[in-house]
Amino acid sequence: MVDVAKAINDTEAAANYQTGADSLQDAINKELWIDDLGIYSLSPDSPDDFSVTGLSFCITSGAANTTQAQRTLSALSAFKLGPGYKDSTQVNSSDPTVNISPNTNGFLLGGLTSPNAGDQSGTFLELLDSLWGAMLSNNETSTGASWEYVDQELNPGLSLFTSLSHPWGGAPTYVLTEYASGVRQAEGVEGFGFRNWVVDPSGGLGMALKRAQATMGTAFGGSLKVEWWMEGETRLHVCVRAPKETSGVLEIGGKTRILQGCDEYNFVADMDM
């Protein structure tokens, strides 16, 4: 909301929203961050319990700094169950009827791909393959869409009110595109409509992809198109096409390049894989 208010030059609202956001983040870190465990707890009354969504929201909102985000993700093993992660530590892992929610695990996908999460490509790929792969692997149950629940035997969670075409479980449709191609909006109001953008292929390379491409609509008279591919084992080609009114940053191998003033950019980099 701070960024939205700044975008329409409502400085009073931006200041009020910023005060509220700062206060909320301070309270989250004061009341819910448990440094001994390296997690954000469900509540002050339940300090040893934590949840997939709680940890994910703290990361994607920016409440967690880089150290907190990476320590938080190191605690994921407490949730692992079947093809994904159970909702919280309060769920009984010994109960065979417990289902896995692609909805809550979808928020985790977003957390795993956040810039302050570090390299989580292995965990990201394993979760994507095991949970959403289960929805595609069996011709008798596959619908071509995400399910509401997946049981521990990789079947639809039909014991609950459920759907086999559930939009809340569709996080990979946008998270995977951005992560594999490496394209995302810049932080803050300057990223609105892809006025400013970032291209960082490290996520896709970490998944052992050899090629990726994505097209993003912008608010500036054209699309942002990103394509990269490996030549051999170490040579990376990157092509970016974007409206001239936009600008971006290319991040490759720990180095950054500013891209502005053109409608096409081409680079070749030797990567130490």
# chains A, B, ... in the order shown; residues from 1 in each chain; ligands from 1
call {"tool": "residues_around", "arguments": {"residues": "Pro172 of chain A", "least_positions_apart": "2", "cutoff": "8 Å", "atoms": "only C-alpha atoms", "output": "number ranges by chain"}}
result
A: 106, 109, 128, 170, 174-177
call {"tool": "write_last_selection", "arguments": {"atoms": "N, CA and C atoms", "output": "compact mmCIF listing (two decimals), in the first residue's frame"}}
result
# COMPACT_ATOMS: atom_id res chain seq x y z
N GLY A 106 1.99 -23.55 -1.89
CA GLY A 106 2.23 -22.55 -2.92
C GLY A 106 2.84 -21.27 -2.35
N LEU A 109 6.44 -21.90 -2.01
CA LEU A 109 7.18 -21.72 -3.27
C LEU A 109 7.62 -20.27 -3.43
N LEU A 128 8.22 -28.88 -6.06
CA LEU A 128 7.47 -28.76 -7.30
C LEU A 128 7.23 -30.13 -7.92
N GLY A 170 -2.59 -23.11 -7.58
CA GLY A 170 -1.93 -22.89 -8.85
C GLY A 170 -0.69 -22.03 -8.81
N TYR A 174 2.67 -19.07 -11.88
CA TYR A 174 3.38 -17.78 -11.94
C TYR A 174 4.76 -17.85 -11.28
N VAL A 175 4.90 -18.60 -10.18
CA VAL A 175 6.18 -18.66 -9.49
C VAL A 175 7.24 -19.32 -10.36
N LEU A 176 6.87 -20.43 -11.02
CA LEU A 176 7.85 -21.15 -11.83
C LEU A 176 8.31 -20.32 -13.01
N THR A 177 7.38 -19.59 -13.65
CA THR A 177 7.76 -18.77 -14.79
C THR A 177 8.81 -17.74 -14.40
call {"tool": "residues_around", "arguments": {"residues": "Glu31 of chain A", "least_positions_apart": "4", "cutoff": "9 Å", "atoms": "only C-alpha atoms", "output": "list of chain:residue names"}}
result
A:Asp26, A:Ala27, A:Tyr40, A:Ser41, A:Ser43, A:Pro44
call {"tool": "write_last_selection", "arguments": {"atoms": "all heavy atoms", "output": "JSON list (two decimals), in the first residue's frame"}}
result
[["chain", "number", "residue", "atom", "x", "y", "z"],
["A", 26, "ASP", "N", 7.93, -4.51, 13.18],
["A", 26, "ASP", "CA", 8.61, -4.49, 14.48],
["A", 26, "ASP", "C", 7.93, -5.44, 15.46],
["A", 26, "ASP", "O", 8.60, -6.17, 16.21],
["A", 26, "ASP", "CB", 8.60, -3.06, 15.06],
["A", 26, "ASP", "CG", 9.55, -2.13, 14.31],
["A", 26, "ASP", "OD1", 10.40, -2.63, 13.55],
["A", 26, "ASP", "OD2", 9.42, -0.89, 14.49],
["A", 27, "ALA", "N", 6.60, -5.44, 15.46],
["A", 27, "ALA", "CA", 5.86, -6.32, 16.38],
["A", 27, "ALA", "C", 6.08, -7.79, 16.02],
["A", 27, "ALA", "O", 6.22, -8.64, 16.91],
["A", 27, "ALA", "CB", 4.37, -5.97, 16.33],
["A", 40, "TYR", "N", 9.63, -18.12, 13.13],
["A", 40, "TYR", "CA", 8.55, -17.24, 13.58],
["A", 40, "TYR", "C", 7.44, -18.12, 14.12],
["A", 40, "TYR", "O", 6.91, -18.97, 13.41],
["A", 40, "TYR", "CB", 8.03, -16.38, 12.43],
["A", 40, "TYR", "CG", 8.97, -15.27, 12.03],
["A", 40, "TYR", "CD1", 9.90, -15.46, 11.01],
["A", 40, "TYR", "CD2", 8.93, -14.04, 12.67],
["A", 40, "TYR", "CE1", 10.77, -14.44, 10.65],
["A", 40, "TYR", "CE2", 9.79, -13.01, 12.31],
["A", 40, "TYR", "CZ", 10.71, -13.22, 11.30],
["A", 40, "TYR", "OH", 11.58, -12.21, 10.94],
["A", 41, "SER", "N", 7.08, -17.93, 15.37],
["A", 41, "SER", "CA", 6.08, -18.79, 16.00],
["A", 41, "SER", "C", 4.67, -18.41, 15.55],
["A", 41, "SER", "O", 4.42, -17.32, 15.03],
["A", 41, "SER", "CB", 6.17, -18.68, 17.53],
["A", 41, "SER", "OG", 5.84, -17.38, 17.97],
["A", 43, "SER", "N", 2.13, -17.85, 17.52],
["A", 43, "SER", "CA", 1.61, -16.80, 18.38],
["A", 43, "SER", "C", 2.47, -16.74, 19.65],
["A", 43, "SER", "O", 3.16, -17.71, 19.97],
["A", 43, "SER", "CB", 0.15, -17.06, 18.75],
["A", 43, "SER", "OG", 0.06, -18.09, 19.72],
["A", 44, "PRO", "N", 2.42, -15.63, 20.38],
["A", 44, "PRO", "CA", 3.16, -15.57, 21.65],
["A", 44, "PRO", "C", 2.73, -16.65, 22.64],
["A", 44, "PRO", "O", 3.50, -17.03, 23.51],
["A", 44, "PRO", "CB", 2.83, -14.16, 22.17],
["A", 44, "PRO", "CG", 2.52, -13.37, 20.95],
["A", 44, "PRO", "CD", 1.80, -14.34, 20.04]]
call {"tool": "residues_around", "arguments": {"residues": "Arg241 of chain A", "least_positions_apart": "6", "cutoff": "7 Å", "atoms": "only C-alpha atoms", "output": "PyMOL selection string"}}
result
chain A and resi 224-226+263-265
call {"tool": "write_last_selection", "arguments": {"atoms": "N, CA and C atoms", "output": "PDB file, in the first residue's frame"}}
result
ATOM      1  N   LEU A 224       7.955  -7.431 -22.070  1.00  0.00           N
ATOM      2  CA  LEU A 224       9.316  -7.761 -21.664  1.00  0.00           C
ATOM      3  C   LEU A 224       9.535  -9.233 -21.971  1.00  0.00           C
ATOM      4  N   LYS A 225      10.472  -9.525 -22.857  1.00  0.00           N
ATOM      5  CA  LYS A 225      10.734 -10.902 -23.265  1.00  0.00           C
ATOM      6  C   LYS A 225      12.166 -11.273 -22.881  1.00  0.00           C
ATOM      7  N   VAL A 226      12.285 -12.361 -22.174  1.00  0.00           N
ATOM      8  CA  VAL A 226      13.592 -12.822 -21.696  1.00  0.00           C
ATOM      9  C   VAL A 226      13.811 -14.247 -22.158  1.00  0.00           C
ATOM     10  N   ASP A 263      15.946  -1.411 -27.045  1.00  0.00           N
ATOM     11  CA  ASP A 263      14.820  -2.341 -27.022  1.00  0.00           C
ATOM     12  C   ASP A 263      15.265  -3.793 -27.116  1.00  0.00           C
ATOM     13  N   GLU A 264      16.586  -4.026 -27.219  1.00  0.00           N
ATOM     14  CA  GLU A 264      17.107  -5.395 -27.218  1.00  0.00           C
ATOM     15  C   GLU A 264      18.521  -5.404 -26.656  1.00  0.00           C
ATOM     16  N   TYR A 265      18.796  -6.433 -25.847  1.00  0.00           N
ATOM     17  CA  TYR A 265      20.111  -6.591 -25.227  1.00  0.00           C
ATOM     18  C   TYR A 265      20.541  -8.047 -25.376  1.00  0.00           C
TER      19      TYR A 265
END
call {"tool": "closest_residue", "arguments": {"among": "A:Gly54, A:Gly248, A:Pro102, A:Gly62", "to": "Gly169 of chain A", "atoms": "only C-alpha atoms"}}
result
A:Pro102
call {"tool": "atom_distance", "arguments": {"atom1": "atom CA of Phe267 of chain A", "atom2": "atom CA of His237 of chain A"}}
result
5.8 Å
call {"tool": "closest_residue", "arguments": {"among": "A:Trp228, A:Trp132, A:Tyr179, A:Phe192", "to": "Gln120 of chain A", "atoms": "only C-alpha atoms"}}
result
A:Tyr179
call {"tool": "atom_distance", "arguments": {"atom1": "atom CA of Gly182 of chain A", "atom2": "atom CA of Leu55 of chain A"}}
result
23.0 Å
call {"tool": "decode", "arguments": {"residues": "segment 185-199 of chain A", "atoms": "all heavy atoms", "output": "short mmCIF file (atom, residue, chain, number, x, y, z; two decimals), in the first residue's frame"}}
result
data_model
loop_
_atom_site.label_atom_id
_atom_site.label_comp_id
_atom_site.auth_asym_id
_atom_site.auth_seq_id
_atom_site.Cartn_x
_atom_site.Cartn_y
_atom_site.Cartn_z
N GLN A 185 9.78 -8.03 -11.38
CA GLN A 185 9.72 -6.58 -11.22
C GLN A 185 10.73 -6.13 -10.18
O GLN A 185 10.99 -6.83 -9.20
CB GLN A 185 8.32 -6.15 -10.78
CG GLN A 185 7.23 -6.39 -11.81
CD GLN A 185 5.90 -5.83 -11.35
OE1 GLN A 185 5.62 -4.67 -11.53
NE2 GLN A 185 5.09 -6.69 -10.74
N ALA A 186 11.29 -4.94 -10.36
CA ALA A 186 12.14 -4.35 -9.34
C ALA A 186 11.31 -4.07 -8.09
O ALA A 186 10.09 -3.92 -8.15
CB ALA A 186 12.78 -3.07 -9.86
N GLU A 187 11.98 -3.97 -6.97
CA GLU A 187 11.29 -3.72 -5.72
C GLU A 187 10.70 -2.31 -5.70
O GLU A 187 11.22 -1.38 -6.30
CB GLU A 187 12.25 -3.88 -4.54
CG GLU A 187 12.78 -5.29 -4.33
CD GLU A 187 11.69 -6.27 -3.91
OE1 GLU A 187 10.79 -5.84 -3.13
OE2 GLU A 187 11.73 -7.42 -4.33
N GLY A 188 9.60 -2.17 -4.98
CA GLY A 188 9.03 -0.86 -4.74
C GLY A 188 8.24 -0.32 -5.91
O GLY A 188 7.97 -1.00 -6.90
N VAL A 189 7.86 0.95 -5.79
CA VAL A 189 7.00 1.58 -6.78
C VAL A 189 7.67 1.65 -8.14
O VAL A 189 6.99 1.65 -9.19
CB VAL A 189 6.59 2.99 -6.29
CG1 VAL A 189 7.79 3.91 -6.19
CG2 VAL A 189 5.51 3.57 -7.19
N GLU A 190 8.98 1.68 -8.19
CA GLU A 190 9.68 1.77 -9.48
C GLU A 190 9.53 0.51 -10.31
O GLU A 190 9.79 0.51 -11.51
CB GLU A 190 11.17 2.07 -9.25
CG GLU A 190 11.44 3.45 -8.67
CD GLU A 190 10.86 4.56 -9.53
OE1 GLU A 190 10.99 4.49 -10.76
OE2 GLU A 190 10.27 5.50 -8.97
N GLY A 191 9.10 -0.58 -9.67
CA GLY A 191 8.90 -1.81 -10.42
C GLY A 191 7.51 -1.96 -11.01
O GLY A 191 7.27 -2.89 -11.79
N PHE A 192 6.59 -1.06 -10.64
CA PHE A 192 5.20 -1.19 -11.11
C PHE A 192 5.14 -1.25 -12.63
O PHE A 192 5.73 -0.43 -13.33
CB PHE A 192 4.37 -0.01 -10.61
CG PHE A 192 3.83 -0.17 -9.22
CD1 PHE A 192 4.42 -1.05 -8.32
CD2 PHE A 192 2.74 0.56 -8.78
CE1 PHE A 192 3.94 -1.20 -7.03
CE2 PHE A 192 2.25 0.44 -7.49
CZ PHE A 192 2.85 -0.45 -6.62
N GLY A 193 4.38 -2.22 -13.12
CA GLY A 193 4.19 -2.34 -14.56
C GLY A 193 5.45 -2.71 -15.31
O GLY A 193 5.51 -2.57 -16.53
N PHE A 194 6.45 -3.20 -14.57
CA PHE A 194 7.76 -3.52 -15.14
C PHE A 194 8.45 -2.28 -15.73
O PHE A 194 9.18 -2.37 -16.71
CB PHE A 194 7.67 -4.62 -16.21
CG PHE A 194 7.50 -6.00 -15.63
CD1 PHE A 194 6.24 -6.56 -15.47
CD2 PHE A 194 8.60 -6.74 -15.23
CE1 PHE A 194 6.08 -7.82 -14.92
CE2 PHE A 194 8.47 -8.00 -14.68
CZ PHE A 194 7.20 -8.55 -14.53
N ARG A 195 8.24 -1.12 -15.09
CA ARG A 195 9.03 0.06 -15.49
C ARG A 195 10.52 -0.24 -15.26
O ARG A 195 11.37 0.11 -16.08
CB ARG A 195 8.63 1.30 -14.69
CG ARG A 195 9.48 2.53 -15.04
CD ARG A 195 9.19 3.68 -14.11
NE ARG A 195 7.84 4.19 -14.24
CZ ARG A 195 7.48 5.09 -15.17
NH1 ARG A 195 8.36 5.53 -16.05
NH2 ARG A 195 6.23 5.50 -15.22
N ASN A 196 10.79 -0.87 -14.13
CA ASN A 196 12.14 -1.36 -13.84
C ASN A 196 12.03 -2.84 -13.52
O ASN A 196 11.08 -3.28 -12.88
CB ASN A 196 12.77 -0.60 -12.67
CG ASN A 196 13.12 0.83 -13.04
OD1 ASN A 196 14.16 1.10 -13.59
ND2 ASN A 196 12.22 1.76 -12.73
N TRP A 197 13.02 -3.62 -13.95
CA TRP A 197 12.95 -5.06 -13.81
C TRP A 197 14.33 -5.63 -13.55
O TRP A 197 15.35 -4.95 -13.67
CB TRP A 197 12.33 -5.70 -15.06
CG TRP A 197 12.69 -5.02 -16.36
CD1 TRP A 197 11.97 -4.05 -17.00
CD2 TRP A 197 13.87 -5.23 -17.15
NE1 TRP A 197 12.61 -3.65 -18.14
CE2 TRP A 197 13.77 -4.35 -18.27
CE3 TRP A 197 14.98 -6.05 -17.04
CZ2 TRP A 197 14.76 -4.28 -19.25
CZ3 TRP A 197 15.97 -5.99 -18.02
CH2 TRP A 197 15.85 -5.11 -19.11
N VAL A 198 14.33 -6.88 -13.16
CA VAL A 198 15.57 -7.61 -12.86
C VAL A 198 15.53 -8.93 -13.62
O VAL A 198 14.50 -9.59 -13.67
CB VAL A 198 15.72 -7.88 -11.34
CG1 VAL A 198 16.99 -8.69 -11.06
CG2 VAL A 198 15.72 -6.58 -10.56
N VAL A 199 16.67 -9.31 -14.21
CA VAL A 199 16.81 -10.62 -14.83
C VAL A 199 17.98 -11.32 -14.15
O VAL A 199 19.12 -10.85 -14.20
CB VAL A 199 17.07 -10.52 -16.34
CG1 VAL A 199 17.31 -11.92 -16.93
CG2 VAL A 199 15.89 -9.86 -17.04
#
